[in-house]
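Okay, my_file.cif is below, mmCIF, C-alpha atoms, pLDDT in the B column; chains and numbers go by the auth columns:
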```cif
data_structure
#
loop_
_atom_site.group_PDB
_atom_site.id
_atom_site.type_symbol
_atom_site.label_atom_id
_atom_site.label_comp_id
_atom_site.label_asym_id
_atom_site.label_seq_id
_atom_site.Cartn_x
_atom_site.Cartn_y
_atom_site.Cartn_z
_atom_site.B_iso_or_equiv
_atom_site.auth_seq_id
_atom_site.auth_asym_id
ATOM 1 C CA MET A 1 -97.766 61.625 -67.431 59.00 245 A
ATOM 2 C CA ARG A 2 -95.854 61.213 -70.664 70.00 246 A
ATOM 3 C CA LYS A 3 -92.698 59.218 -70.052 73.00 247 A
ATOM 4 C CA ASN A 4 -91.085 60.267 -73.325 88.00 248 A
ATOM 5 C CA TYR A 5 -91.593 64.031 -72.793 93.00 249 A
ATOM 6 C CA LYS A 6 -88.316 65.708 -73.746 95.00 250 A
ATOM 7 C CA PRO A 7 -88.905 68.694 -76.036 97.00 251 A
ATOM 8 C CA LYS A 8 -86.039 70.064 -78.121 97.00 252 A
ATOM 9 C CA GLU A 9 -87.479 73.567 -78.352 98.00 253 A
ATOM 10 C CA ILE A 10 -90.196 75.829 -77.052 98.00 254 A
ATOM 11 C CA ILE A 11 -91.865 78.809 -78.702 97.00 255 A
ATOM 12 C CA VAL A 12 -92.455 81.838 -76.468 96.00 256 A
ATOM 13 C CA ALA A 13 -93.970 85.027 -77.899 95.00 257 A
ATOM 14 C CA GLY A 14 -93.315 83.685 -81.400 96.00 258 A
ATOM 15 C CA THR A 15 -89.605 83.123 -80.735 98.00 259 A
ATOM 16 C CA LYS A 16 -87.977 79.701 -80.715 98.00 260 A
ATOM 17 C CA PHE A 17 -85.772 78.757 -77.779 98.00 261 A
ATOM 18 C CA ASP A 18 -83.684 75.620 -78.153 98.00 262 A
ATOM 19 C CA ILE A 19 -83.679 73.302 -75.153 98.00 263 A
ATOM 20 C CA VAL A 20 -80.237 71.902 -74.432 98.00 264 A
ATOM 21 C CA TYR A 21 -79.925 68.995 -72.003 98.00 265 A
ATOM 22 C CA LYS A 22 -76.655 68.829 -70.098 97.00 266 A
ATOM 23 C CA THR A 23 -75.039 67.969 -66.790 97.00 267 A
ATOM 24 C CA MET A 24 -75.592 70.881 -64.442 96.00 268 A
ATOM 25 C CA LYS A 25 -76.092 71.686 -60.774 94.00 269 A
ATOM 26 C CA ASP A 26 -79.427 73.492 -61.172 95.00 270 A
ATOM 27 C CA PHE A 27 -82.560 72.177 -62.873 97.00 271 A
ATOM 28 C CA GLY A 28 -82.532 74.849 -65.570 97.00 272 A
ATOM 29 C CA GLU A 29 -81.016 78.074 -66.797 97.00 273 A
ATOM 30 C CA LEU A 30 -81.962 80.627 -69.435 97.00 274 A
ATOM 31 C CA ASP A 31 -79.569 82.227 -71.919 97.00 275 A
ATOM 32 C CA PHE A 32 -81.944 84.814 -73.346 96.00 276 A
ATOM 33 C CA ASP A 33 -79.477 86.361 -75.804 96.00 277 A
ATOM 34 C CA GLU A 34 -78.582 82.983 -77.324 98.00 278 A
ATOM 35 C CA ARG A 35 -82.237 81.846 -77.252 98.00 279 A
ATOM 36 C CA LYS A 36 -81.343 78.712 -75.302 98.00 280 A
ATOM 37 C CA ILE A 37 -82.769 77.035 -72.248 98.00 281 A
ATOM 38 C CA TYR A 38 -80.356 74.677 -70.529 98.00 282 A
ATOM 39 C CA VAL A 39 -81.949 71.836 -68.584 98.00 283 A
ATOM 40 C CA SER A 40 -80.377 69.191 -66.376 98.00 284 A
ATOM 41 C CA ASN A 41 -80.212 65.869 -68.177 96.00 285 A
ATOM 42 C CA LYS A 42 -81.026 64.133 -64.872 96.00 286 A
ATOM 43 C CA ILE A 43 -84.618 65.340 -64.566 96.00 287 A
ATOM 44 C CA LYS A 44 -87.668 63.940 -66.319 93.00 288 A
ATOM 45 C CA GLY A 45 -91.431 63.718 -66.194 93.00 289 A
ATOM 46 C CA GLU A 46 -93.349 66.404 -64.408 92.00 290 A
ATOM 47 C CA VAL A 47 -90.173 67.913 -62.917 95.00 291 A
ATOM 48 C CA LEU A 48 -88.904 68.451 -66.470 96.00 292 A
ATOM 49 C CA LEU A 49 -92.218 70.018 -67.492 95.00 293 A
ATOM 50 C CA ASP A 50 -92.157 72.306 -64.454 96.00 294 A
ATOM 51 C CA THR A 51 -88.556 73.322 -65.186 97.00 295 A
ATOM 52 C CA ILE A 52 -89.338 74.209 -68.790 97.00 296 A
ATOM 53 C CA ILE A 53 -92.358 76.237 -67.691 97.00 297 A
ATOM 54 C CA HIS A 54 -90.208 77.947 -65.034 97.00 298 A
ATOM 55 C CA GLU A 55 -87.631 78.971 -67.640 97.00 299 A
ATOM 56 C CA ALA A 56 -90.410 80.079 -70.020 97.00 300 A
ATOM 57 C CA VAL A 57 -91.642 82.488 -67.330 96.00 301 A
ATOM 58 C CA HIS A 58 -88.114 83.944 -67.219 95.00 302 A
ATOM 59 C CA VAL A 59 -88.350 84.345 -71.009 97.00 303 A
ATOM 60 C CA MET A 60 -91.696 86.124 -70.621 95.00 304 A
ATOM 61 C CA LEU A 61 -90.219 88.549 -68.098 94.00 305 A
ATOM 62 C CA SER A 62 -87.218 89.216 -70.344 94.00 306 A
ATOM 63 C CA PHE A 63 -89.388 89.917 -73.389 95.00 307 A
ATOM 64 C CA SER A 64 -91.593 92.262 -71.372 93.00 308 A
ATOM 65 C CA GLY A 65 -88.625 94.182 -69.978 90.00 309 A
ATOM 66 C CA LEU A 66 -89.724 93.422 -66.437 89.00 310 A
ATOM 67 C CA GLY A 67 -86.789 91.066 -65.923 86.00 311 A
ATOM 68 C CA TYR A 68 -84.349 93.943 -66.351 82.00 312 A
ATOM 69 C CA ILE A 69 -86.286 96.213 -64.008 88.00 313 A
ATOM 70 C CA LEU A 70 -86.558 93.494 -61.373 83.00 314 A
ATOM 71 C CA GLU A 71 -82.830 92.755 -61.624 80.00 315 A
ATOM 72 C CA ASP A 72 -82.014 96.446 -61.148 81.00 316 A
ATOM 73 C CA VAL A 73 -84.146 96.631 -58.007 83.00 317 A
ATOM 74 C CA GLN A 74 -82.783 93.464 -56.400 84.00 318 A
ATOM 75 C CA THR A 75 -80.939 90.619 -58.102 79.00 319 A
ATOM 76 C CA GLU A 76 -83.112 87.812 -56.693 88.00 320 A
ATOM 77 C CA LEU A 77 -86.459 89.548 -57.182 91.00 321 A
ATOM 78 C CA GLU A 78 -87.092 88.017 -60.608 91.00 322 A
ATOM 79 C CA GLU A 79 -86.401 84.499 -59.301 92.00 323 A
ATOM 80 C CA ALA A 80 -88.746 85.092 -56.363 93.00 324 A
ATOM 81 C CA LEU A 81 -91.509 86.238 -58.735 93.00 325 A
ATOM 82 C CA VAL A 82 -91.006 83.233 -61.023 95.00 326 A
ATOM 83 C CA ARG A 83 -91.100 80.852 -58.053 95.00 327 A
ATOM 84 C CA ALA A 84 -94.325 82.447 -56.837 95.00 328 A
ATOM 85 C CA PHE A 85 -95.773 81.812 -60.297 94.00 329 A
ATOM 86 C CA ASP A 86 -94.437 78.210 -60.167 95.00 330 A
ATOM 87 C CA ASN A 87 -96.037 77.484 -56.814 96.00 331 A
ATOM 88 C CA ILE A 88 -99.330 79.357 -57.191 96.00 332 A
ATOM 89 C CA ALA A 89 -100.360 79.880 -60.814 95.00 333 A
ATOM 90 C CA ILE A 90 -98.908 76.803 -62.514 95.00 334 A
ATOM 91 C CA PRO A 91 -100.684 74.259 -60.260 96.00 335 A
ATOM 92 C CA ILE A 92 -104.000 76.020 -60.935 96.00 336 A
ATOM 93 C CA ILE A 93 -103.380 75.982 -64.689 95.00 337 A
ATOM 94 C CA LYS A 94 -102.374 72.303 -64.659 93.00 338 A
ATOM 95 C CA ASP A 95 -105.468 71.339 -62.653 95.00 339 A
ATOM 96 C CA GLN A 96 -107.757 73.255 -64.992 96.00 340 A
ATOM 97 C CA ILE A 97 -106.173 71.658 -68.068 94.00 341 A
ATOM 98 C CA LYS A 98 -106.730 68.195 -66.544 92.00 342 A
ATOM 99 C CA LEU A 99 -110.370 69.060 -65.793 94.00 343 A
ATOM 100 C CA TYR A 100 -110.835 70.454 -69.287 94.00 344 A
ATOM 101 C CA TYR A 101 -109.674 67.228 -70.927 92.00 345 A
ATOM 102 C CA GLU A 102 -111.733 65.051 -68.587 89.00 346 A
ATOM 103 C CA VAL A 103 -114.978 66.587 -69.816 75.00 347 A
#
```
In structure tokens, write the structure found in this file.
Amino acid sequence: MRKNYKPKEIIVAGTKFDIVYKTMKDFGELDFDERKIYVSNKIKGEVLLDTIIHEAVHVMLSFSGLGYILEDVQTELEEALVRAFDNIAIPIIKDQIKLYYEV
């Protein structure tokens, strides 16, 4: 784990999103129109990484248009889909990356 991990921006689909650290109740929040991801300044390490990935999945859904469709169907459907990705796909990807670099 990198103790000094605290990115200032992330590029998703070729678009830069600034990462703004601030005091907030939630871990993270996306402002798609302003191209900003707000992250709690109290989290760090792997929780910070997971939060940034979580918000990047929201960005992906917004770029694809699926975020708007999901919101029209049911307001919490997008969050449920992102959390499923967080809890199922992301751990697999992280494990495979670790294995890849061990070889």
Q) If you apply the PyMOL selection byres ((chain A and resi 282) around 8) to this file, what residues do you get, as a list of chain:residue names? A)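 Matching residues under the PyMOL selection byres ((chain A and resi 282) around 8) are A:Ile263, A:Val264, A:Tyr265, A:Lys266, A:Gly272, A:Glu273, A:Leu274, A:Asp275, A:Lys280, A:Ile281, A:Val283, A:Ser284.
The nearest approach to Pro251 of chain A among the residues A:Leu293, A:Met268, A:Ile287, A:Leu343, with only C-alpha atoms taken into account, belongs to A:Leu293.
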Q: To verify the selection step, state as an MDAnalysis selection string which residues the PyMOL selection byres ((chain A and resi 306) around 12) yields on this input.
A: chainID A and resid 256:257 274:277 279 299:305 307:315 322 326
Write a file of the just-selected residues containing C-alpha atoms, as a compact mmCIF listing (two decimals), keeping the file's coordinate frame.
```txt
# COMPACT_ATOMS: atom_id res chain seq x y z
CA VAL A 256 -92.46 81.84 -76.47
CA ALA A 257 -93.97 85.03 -77.90
CA LEU A 274 -81.96 80.63 -69.44
CA ASP A 275 -79.57 82.23 -71.92
CA PHE A 276 -81.94 84.81 -73.35
CA ASP A 277 -79.48 86.36 -75.80
CA ARG A 279 -82.24 81.85 -77.25
CA GLU A 299 -87.63 78.97 -67.64
CA ALA A 300 -90.41 80.08 -70.02
CA VAL A 301 -91.64 82.49 -67.33
CA HIS A 302 -88.11 83.94 -67.22
CA VAL A 303 -88.35 84.34 -71.01
CA MET A 304 -91.70 86.12 -70.62
CA LEU A 305 -90.22 88.55 -68.10
CA PHE A 307 -89.39 89.92 -73.39
CA SER A 308 -91.59 92.26 -71.37
CA GLY A 309 -88.62 94.18 -69.98
CA LEU A 310 -89.72 93.42 -66.44
CA GLY A 311 -86.79 91.07 -65.92
CA TYR A 312 -84.35 93.94 -66.35
CA ILE A 313 -86.29 96.21 -64.01
CA LEU A 314 -86.56 93.49 -61.37
CA GLU A 315 -82.83 92.76 -61.62
CA GLU A 322 -87.09 88.02 -60.61
CA VAL A 326 -91.01 83.23 -61.02
```
Q) Expressed in Å to a single decimal, how great is the separation between atom CA of Phe271 of chain A and atom CA of Asn331 of chain A? A)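 Here the two named atoms are 15.7 Å from each other.
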Q: Identify which of the residues A:Leu321, A:Ile255, A:Lys247, A:Thr267 lies closest to Asn285 of chain A, counting only C-alpha atoms when measuring atom-to-atom distances.
A: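 Of the candidates, the smallest distance to Asn285 of chain A is held by A:Thr267.
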Q: Tell me, in Å to one decimal, how far atom CA of Asp330 of chain A is from atom CA of Val291 of chain A.
A: 11.5 Å
For Arg246 of chain A, list every protein, DNA or RNA residue within 9 Å, evaluated using only C-alpha atoms, and leave out those in the same chain fewer than 2 positions away; present the list as a PDB file with C-alpha atoms, in the coordinates of the input.
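As written to disk, part31.pdb reads:
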```pdb
ATOM      1  CA  ASN A 248     -91.085  60.267 -73.325  1.00 88.00           C
ATOM      2  CA  TYR A 249     -91.593  64.031 -72.793  1.00 93.00           C
ATOM      3  CA  GLY A 289     -91.431  63.718 -66.194  1.00 93.00           C
ATOM      4  CA  GLU A 290     -93.349  66.404 -64.408  1.00 92.00           C
TER       5      GLU A 290
END
```
Q: Record the distance separating atom CA of Ile297 of chain A and atom CA of Lys342 of chain A, expressed in Å with one decimal.
A: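 Taking atom CA of Ile297 of chain A and atom CA of Lys342 of chain A, their separation equals 16.5 Å.
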May I ask you to restore N, CA and C atoms in segment 254-275 of chain A and write the result as a compact mmCIF listing (two decimals), in the frame of the given file?
```txt
# COMPACT_ATOMS: atom_id res chain seq x y z
N ILE A 254 -88.93 75.26 -77.52
CA ILE A 254 -90.20 75.83 -77.05
C ILE A 254 -90.35 77.18 -77.74
N ILE A 255 -91.58 77.52 -78.07
CA ILE A 255 -91.86 78.81 -78.70
C ILE A 255 -92.51 79.71 -77.65
N VAL A 256 -91.92 80.86 -77.42
CA VAL A 256 -92.46 81.84 -76.47
C VAL A 256 -92.55 83.17 -77.20
N ALA A 257 -93.73 83.74 -77.23
CA ALA A 257 -93.97 85.03 -77.90
C ALA A 257 -93.47 84.97 -79.35
N GLY A 258 -93.69 83.83 -80.00
CA GLY A 258 -93.32 83.68 -81.40
C GLY A 258 -91.83 83.46 -81.65
N THR A 259 -91.05 83.31 -80.60
CA THR A 259 -89.60 83.12 -80.74
C THR A 259 -89.22 81.74 -80.25
N LYS A 260 -88.41 81.05 -81.05
CA LYS A 260 -87.98 79.70 -80.72
C LYS A 260 -86.78 79.75 -79.76
N PHE A 261 -86.88 78.96 -78.71
CA PHE A 261 -85.77 78.76 -77.78
C PHE A 261 -85.41 77.29 -77.82
N ASP A 262 -84.15 77.00 -78.16
CA ASP A 262 -83.68 75.62 -78.15
C ASP A 262 -83.54 75.16 -76.71
N ILE A 263 -83.86 73.90 -76.47
CA ILE A 263 -83.68 73.30 -75.15
C ILE A 263 -82.48 72.37 -75.25
N VAL A 264 -81.48 72.66 -74.43
CA VAL A 264 -80.24 71.90 -74.43
C VAL A 264 -80.15 71.14 -73.11
N TYR A 265 -80.03 69.83 -73.19
CA TYR A 265 -79.92 69.00 -72.00
C TYR A 265 -78.44 68.76 -71.70
N LYS A 266 -78.06 69.00 -70.46
CA LYS A 266 -76.66 68.83 -70.10
C LYS A 266 -76.52 68.57 -68.60
N THR A 267 -75.33 68.16 -68.20
CA THR A 267 -75.04 67.97 -66.79
C THR A 267 -74.88 69.34 -66.16
N MET A 268 -75.66 69.59 -65.12
CA MET A 268 -75.59 70.88 -64.44
C MET A 268 -76.11 70.75 -63.02
N LYS A 269 -75.71 71.70 -62.19
CA LYS A 269 -76.09 71.69 -60.77
C LYS A 269 -77.57 72.02 -60.59
N ASP A 270 -78.04 73.06 -61.28
CA ASP A 270 -79.43 73.49 -61.17
C ASP A 270 -80.32 72.68 -62.12
N PHE A 271 -81.62 72.85 -61.97
CA PHE A 271 -82.56 72.18 -62.87
C PHE A 271 -82.55 72.81 -64.26
N GLY A 272 -82.49 74.16 -64.30
CA GLY A 272 -82.53 74.85 -65.57
C GLY A 272 -81.90 76.22 -65.50
N GLU A 273 -81.62 76.75 -66.70
CA GLU A 273 -81.02 78.07 -66.80
C GLU A 273 -81.34 78.65 -68.16
N LEU A 274 -81.63 79.93 -68.19
CA LEU A 274 -81.96 80.63 -69.44
C LEU A 274 -80.77 81.43 -69.94
N ASP A 275 -80.48 81.31 -71.23
CA ASP A 275 -79.57 82.23 -71.92
C ASP A 275 -80.43 82.96 -72.94
```
